[in-house]
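Participant: For reference, the file final_35.cif (mmCIF, C-alpha atoms) is included below:
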data_data
#
loop_
_atom_site.label_atom_id
_atom_site.label_comp_id
_atom_site.auth_asym_id
_atom_site.auth_seq_id
_atom_site.Cartn_x
_atom_site.Cartn_y
_atom_site.Cartn_z
CA GLU Z 145 -61.30 -2.66 -22.56
CA LYS Z 146 -62.08 -0.21 -19.73
CA ASP Z 147 -60.00 1.08 -16.83
CA VAL Z 148 -61.15 1.23 -13.18
CA TYR Z 149 -63.05 4.49 -13.85
CA GLY Z 150 -64.94 3.10 -16.82
CA ASN Z 151 -62.92 4.97 -19.46
CA GLU Z 152 -62.13 3.25 -22.74
CA VAL Z 153 -58.47 2.08 -22.78
CA GLN Z 154 -56.57 0.62 -25.66
CA ARG Z 155 -53.59 -1.62 -24.78
CA LEU Z 156 -50.55 -1.26 -26.94
CA GLY Z 157 -48.84 -4.49 -25.90
CA ARG Z 158 -49.16 -7.56 -23.82
CA PRO Z 159 -48.78 -7.39 -20.06
CA LEU Z 160 -45.25 -7.84 -18.72
CA PRO Z 161 -44.77 -11.20 -17.01
CA VAL Z 162 -44.04 -10.94 -13.29
CA GLU Z 163 -40.89 -13.07 -13.73
CA TYR Z 164 -39.20 -10.13 -15.45
CA LEU Z 165 -39.64 -7.99 -12.35
CA LEU Z 166 -37.92 -10.42 -9.98
CA VAL Z 167 -34.16 -9.99 -9.94
CA ASP Z 168 -31.82 -12.11 -7.88
CA VAL Z 169 -28.63 -10.16 -7.14
CA PRO Z 170 -26.13 -12.03 -5.02
CA ALA Z 171 -24.28 -9.63 -2.74
CA SER Z 172 -21.62 -10.33 -0.21
CA THR Z 173 -18.82 -8.64 1.65
CA PRO Z 174 -15.65 -10.29 2.87
CA LEU Z 175 -15.50 -11.29 6.51
CA VAL Z 176 -12.12 -9.56 6.77
CA PRO Z 177 -11.90 -6.49 4.50
CA LEU Z 178 -8.77 -6.19 2.35
CA TYR Z 179 -7.75 -2.58 1.85
CA THR Z 180 -5.62 -1.57 -1.14
CA PHE Z 181 -4.70 1.79 0.34
CA LEU Z 182 -3.32 2.64 3.76
CA GLU Z 183 -5.95 3.35 6.38
CA ARG Z 184 -5.15 6.37 8.54
CA LYS Z 185 -6.80 7.59 11.69
CA ASP Z 186 -6.59 11.32 10.95
CA ALA Z 187 -8.05 12.74 7.73
CA LYS Z 188 -5.34 15.44 7.72
CA GLN Z 189 -2.74 12.75 7.04
CA TYR Z 190 -4.21 12.04 3.59
CA PHE Z 191 -3.25 13.78 0.36
CA PRO Z 192 -5.89 16.41 -0.54
CA VAL Z 193 -8.89 15.20 -2.51
CA GLU Z 194 -9.16 16.57 -6.05
CA ASN Z 195 -11.90 19.07 -6.96
CA ARG Z 196 -12.76 19.88 -3.34
CA MET Z 197 -11.70 23.51 -3.19
CA ILE Z 198 -14.72 24.34 -1.05
CA ASP Z 199 -13.35 22.03 1.66
CA GLY Z 200 -9.91 23.61 1.41
CA HIS Z 201 -8.51 20.64 -0.51
CA ILE Z 202 -6.20 22.05 -3.14
CA GLN Z 203 -4.06 19.67 -5.13
CA ASP Z 204 -0.97 21.52 -6.26
CA PHE Z 205 2.78 21.17 -6.09
CA ALA Z 206 2.89 22.77 -2.64
CA ALA Z 207 0.37 20.20 -1.35
CA LEU Z 208 2.51 17.42 -2.82
CA ALA Z 209 5.65 18.78 -1.16
CA ASN Z 210 3.83 19.22 2.14
CA TYR Z 211 2.33 15.72 2.04
CA LEU Z 212 5.66 14.07 1.23
CA ALA Z 213 7.40 16.07 3.98
CA LYS Z 214 4.79 14.92 6.52
CA SER Z 215 5.10 11.32 5.28
CA ARG Z 216 8.89 11.02 5.65
CA SER Z 217 8.53 8.99 8.84
CA LEU Z 218 6.41 6.41 7.00
CA PRO Z 219 7.83 3.62 4.85
CA PHE Z 220 7.77 4.68 1.17
CA LEU Z 221 5.04 2.15 0.28
CA ASP Z 222 2.77 3.49 3.03
CA ALA Z 223 3.40 7.08 1.97
CA VAL Z 224 2.44 6.43 -1.66
CA SER Z 225 -0.51 4.17 -0.80
CA ASP Z 226 -2.95 7.06 -1.08
CA PHE Z 227 -5.40 7.02 -3.99
CA HIS Z 228 -5.52 10.80 -4.38
CA LEU Z 229 -1.71 11.09 -4.34
CA LEU Z 230 -1.39 8.41 -7.03
CA PHE Z 231 -4.09 10.10 -9.10
CA TYR Z 232 -2.29 13.45 -8.79
CA LEU Z 233 1.02 11.86 -9.83
CA TYR Z 234 -0.75 10.27 -12.79
CA ARG Z 235 -2.07 13.65 -13.93
CA MET Z 236 1.31 15.44 -13.55
CA GLU Z 237 2.01 14.89 -17.26
CA ASP Z 238 2.61 18.62 -17.83
CA MET Z 239 5.53 18.69 -15.38
CA LEU Z 240 6.93 15.14 -15.42
CA PRO Z 241 6.17 12.08 -17.54
CA MET Z 242 4.76 10.18 -14.56
CA LYS Z 243 1.84 8.46 -16.33
CA SER Z 244 4.06 6.12 -18.32
CA GLN Z 245 6.26 5.40 -15.28
CA LEU Z 246 3.60 4.61 -12.66
CA GLY Z 247 2.78 1.00 -13.66
CA PRO Z 248 5.36 -0.70 -11.39
CA LEU Z 249 4.49 1.59 -8.47
CA LEU Z 250 0.76 0.88 -8.85
CA GLU Z 251 1.51 -2.84 -8.93
CA ALA Z 252 3.63 -2.50 -5.77
CA VAL Z 253 0.76 -0.66 -4.02
CA ARG Z 254 -1.77 -3.26 -5.18
CA THR Z 255 0.33 -6.20 -4.00
CA LYS Z 256 1.74 -4.32 -0.98
CA ASP Z 257 5.27 -5.16 -2.13
CA LYS Z 258 7.69 -2.89 -0.22
CA ALA Z 259 10.71 -4.06 -2.23
CA LYS Z 260 9.08 -3.12 -5.57
CA ALA Z 261 8.00 0.24 -4.15
CA ASN Z 262 11.50 1.00 -2.89
CA GLU Z 263 12.94 -0.08 -6.24
CA TRP Z 264 10.58 2.36 -7.99
CA LYS Z 265 11.70 5.09 -5.59
CA THR Z 266 15.21 4.85 -7.09
CA ARG Z 267 13.96 5.65 -10.62
CA GLU Z 268 14.97 8.86 -12.31
CA VAL Z 269 11.42 10.24 -12.46
CA TRP Z 270 11.05 10.06 -8.65
CA LYS Z 271 14.52 11.49 -8.11
CA THR Z 272 13.62 14.39 -10.43
CA LEU Z 273 10.41 15.00 -8.48
CA GLU Z 274 12.36 15.01 -5.20
CA GLU Z 275 14.84 17.51 -6.68
CA LEU Z 276 12.00 19.79 -7.79
CA ILE Z 277 10.50 19.63 -4.31
CA GLU Z 278 13.88 20.37 -2.75
CA ALA Z 279 14.45 23.30 -5.13
CA SER Z 280 11.01 24.72 -4.41
CA SER Z 281 11.48 24.42 -0.64
CA ASN Z 282 14.81 26.28 -0.80
CA HIS Z 283 13.13 29.42 -2.15
CA ASP Z 284 11.89 31.98 0.32
CA ASP Z 285 8.67 33.63 -0.86
CA SER Z 286 9.36 36.82 1.10
CA SER Z 287 12.71 37.55 -0.54
CA MET Z 288 13.70 37.62 -4.18
CA SER Z 289 15.95 34.84 -5.34
CA ASN Z 290 18.77 35.19 -7.87
CA ASP Z 291 16.94 32.61 -9.98
CA VAL Z 292 14.14 35.05 -10.78
CA GLU Z 293 14.50 37.09 -13.93
CA PHE Z 294 12.30 40.15 -14.36
CA VAL Z 295 11.04 41.10 -17.80
CA PRO Z 296 9.63 44.60 -18.32
CA SER Z 297 6.36 44.82 -20.23
CA GLY Z 298 5.14 48.36 -19.97
CA ASP Z 299 5.77 51.18 -17.55
CA ALA Z 300 3.71 50.09 -14.57
CA GLU Z 301 3.91 46.31 -14.59
CA GLN Z 302 6.85 43.95 -14.28
CA ASN Z 303 6.63 40.22 -14.87
CA TRP Z 304 8.91 37.40 -13.77
CA ILE Z 305 10.00 34.28 -15.62
CA CYS Z 306 9.73 30.95 -13.85
CA THR Z 307 13.14 29.30 -13.77
CA PHE Z 308 11.53 25.86 -13.89
CA CYS Z 309 9.08 26.08 -16.82
CA THR Z 310 10.03 29.54 -18.28
CA PHE Z 311 6.44 30.83 -18.14
CA ILE Z 312 6.16 34.62 -17.83
CA ASN Z 313 4.12 35.35 -14.69
CA SER Z 314 2.49 38.47 -13.35
CA ARG Z 315 4.52 40.13 -10.58
CA GLU Z 316 1.68 39.74 -8.05
CA LEU Z 317 1.89 35.95 -8.15
CA PRO Z 318 4.08 34.35 -5.47
CA ALA Z 319 4.19 31.07 -7.45
CA CYS Z 320 4.19 30.18 -11.14
CA GLU Z 321 0.76 30.06 -12.73
CA ILE Z 322 1.68 26.97 -14.80
CA CYS Z 323 3.87 24.73 -12.63
CA ASN Z 324 2.90 26.25 -9.25
CA LEU Z 325 6.49 26.36 -8.07
CA PRO Z 326 7.48 29.42 -6.00
CA ARG Z 327 9.46 32.37 -7.34
#
Is it possible to give me this structure as structure tokens?
Facilitator:
Amino acid sequence: EKDVYGNEVQRLGRPLPVEYLLVDVPASTPLVPLYTFLERKDAKQYFPVENRMIDGHIQDFAALANYLAKSRSLPFLDAVSDFHLLFYLYRMEDMLPMKSQLGPLLEAVRTKDKAKANEWKTREVWKTLEELIEASSNHDDSSMSNDVEFVPSGDAEQNWICTFCTFINSRELPACEICNLPR
């Protein structure tokens, strides 16, 4: 067999039937969209997006405290109906065992059940998180607190021990390198 230029061509298989190239994919969108998460007008009202440091989005304990402080005027269900907040809470395993506790809250967000969300808010894990936020907001970064213990390690450098996670931090750091809570 020859191609269009007259060169000898050897076929390795049979030609593919055209029917295999036609694909029918039904696609539709609802007439009235149903949102799982709260829609907000201003992007600054959302919890920071993970892995977007170039955009100034940093997910840390301070961002969590700031977001929850700004969301106090909202009902609890609306405040926690933010995908990135829920994802951050899920990944907080190093500070609090949130992953195993989030199931009922996620179900409340999915079903938009305010009663279930408020019931979850009374759980010990959320109360502990609120206490950590309160403790971190009571510290003043510009002055040294009595909670900070300094540990000498050499002549020139002094370190401090985080009172929350006991990690030994460099003196230049205003917040703990591990738990990101302030001195």
Participant: Might you pull out every residue within 12 Å of Gln203 in chain Z, with only C-alpha atoms counted and same-chain residues fewer than 5 positions away left off, and present them as a VMD selection string?
Facilitator: chain Z and resid 190 to 197 208 to 211 228 to 233 235 to 236 324
Participant: CA of Lys258 in chain Z and CA of Ser217 in chain Z, how far apart in Å?
Facilitator: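 Distance reported for this atom pair: 15.0 Å.
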Participant: Counting only C-alpha atoms, what is within 10 Å of Leu182 in chain Z, bar same-chain residues fewer than 5 positions away, as an mmCIF file with C-alpha atoms, in the frame of the given file?
Facilitator:
data_model
loop_
_atom_site.group_PDB
_atom_site.id
_atom_site.type_symbol
_atom_site.label_atom_id
_atom_site.label_comp_id
_atom_site.auth_asym_id
_atom_site.auth_seq_id
_atom_site.Cartn_x
_atom_site.Cartn_y
_atom_site.Cartn_z
ATOM 1 C CA TYR Z 190 -4.210 12.040 3.590
ATOM 2 C CA LEU Z 221 5.040 2.150 0.280
ATOM 3 C CA ASP Z 222 2.770 3.490 3.030
ATOM 4 C CA ALA Z 223 3.400 7.080 1.970
ATOM 5 C CA VAL Z 224 2.440 6.430 -1.660
ATOM 6 C CA SER Z 225 -0.510 4.170 -0.800
ATOM 7 C CA ASP Z 226 -2.950 7.060 -1.080
ATOM 8 C CA PHE Z 227 -5.400 7.020 -3.990
ATOM 9 C CA VAL Z 253 0.760 -0.660 -4.020
ATOM 10 C CA LYS Z 256 1.740 -4.320 -0.980
#
Participant: Could you give me the axis-aligned bounding box of range 253-264 of chain Z, with 5 Å of padding per side, as centre plus edge lengths in Å to one decimal, as JSON?
Facilitator:
{"center_x": 5.6, "center_y": -1.9, "center_z": -4.1, "size_x": 24.7, "size_y": 18.6, "size_z": 17.8}
Participant: Got a sec to resolve the PyMOL selection byres ((chain Z and resi 326) around 9) on this structure and send the residues as a ChimeraX atom specification?
Facilitator: /Z:206,280-281,283-285,306,317-320,323-325,327
Participant: Using only C-alpha atoms, determine which residues lie at most 9 Å from Gln189 in chain Z, disregarding the query and same-chain residues fewer than 5 positions distant; provide the list as a PyMOL selection string.
Facilitator: chain Z and resi 184+211+214-215
Participant: Written as a VMD selection string, what is the full residue list that the PyMOL selection byres ((chain Z and resi 242-247) around 12) yields on the file shown?
Facilitator: chain Z and resid 224 229 to 241 248 to 254 260 to 261 264 to 265 267 to 273
Participant: Between CA of Pro219 in chain Z and CA of Phe308 in chain Z, what distance in Å does the model show, to one decimal?
Facilitator: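 We find that CA of Pro219 in chain Z and CA of Phe308 in chain Z lie 29.3 Å from each other.
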Participant: How many Å lie between CA of Asn313 in chain Z and CA of Glu275 in chain Z, rounded to one decimal?
Facilitator: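 The value is 22.3 Å.
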Participant: For Asn262 in chain Z, which of Z:Lys185, Z:Asp147, Z:Phe205, Z:Phe220 is the closest residue, counting all atoms listed in the file?
Facilitator: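 Checking each candidate against Asn262 in chain Z, we get Z:Phe220 as the closest.
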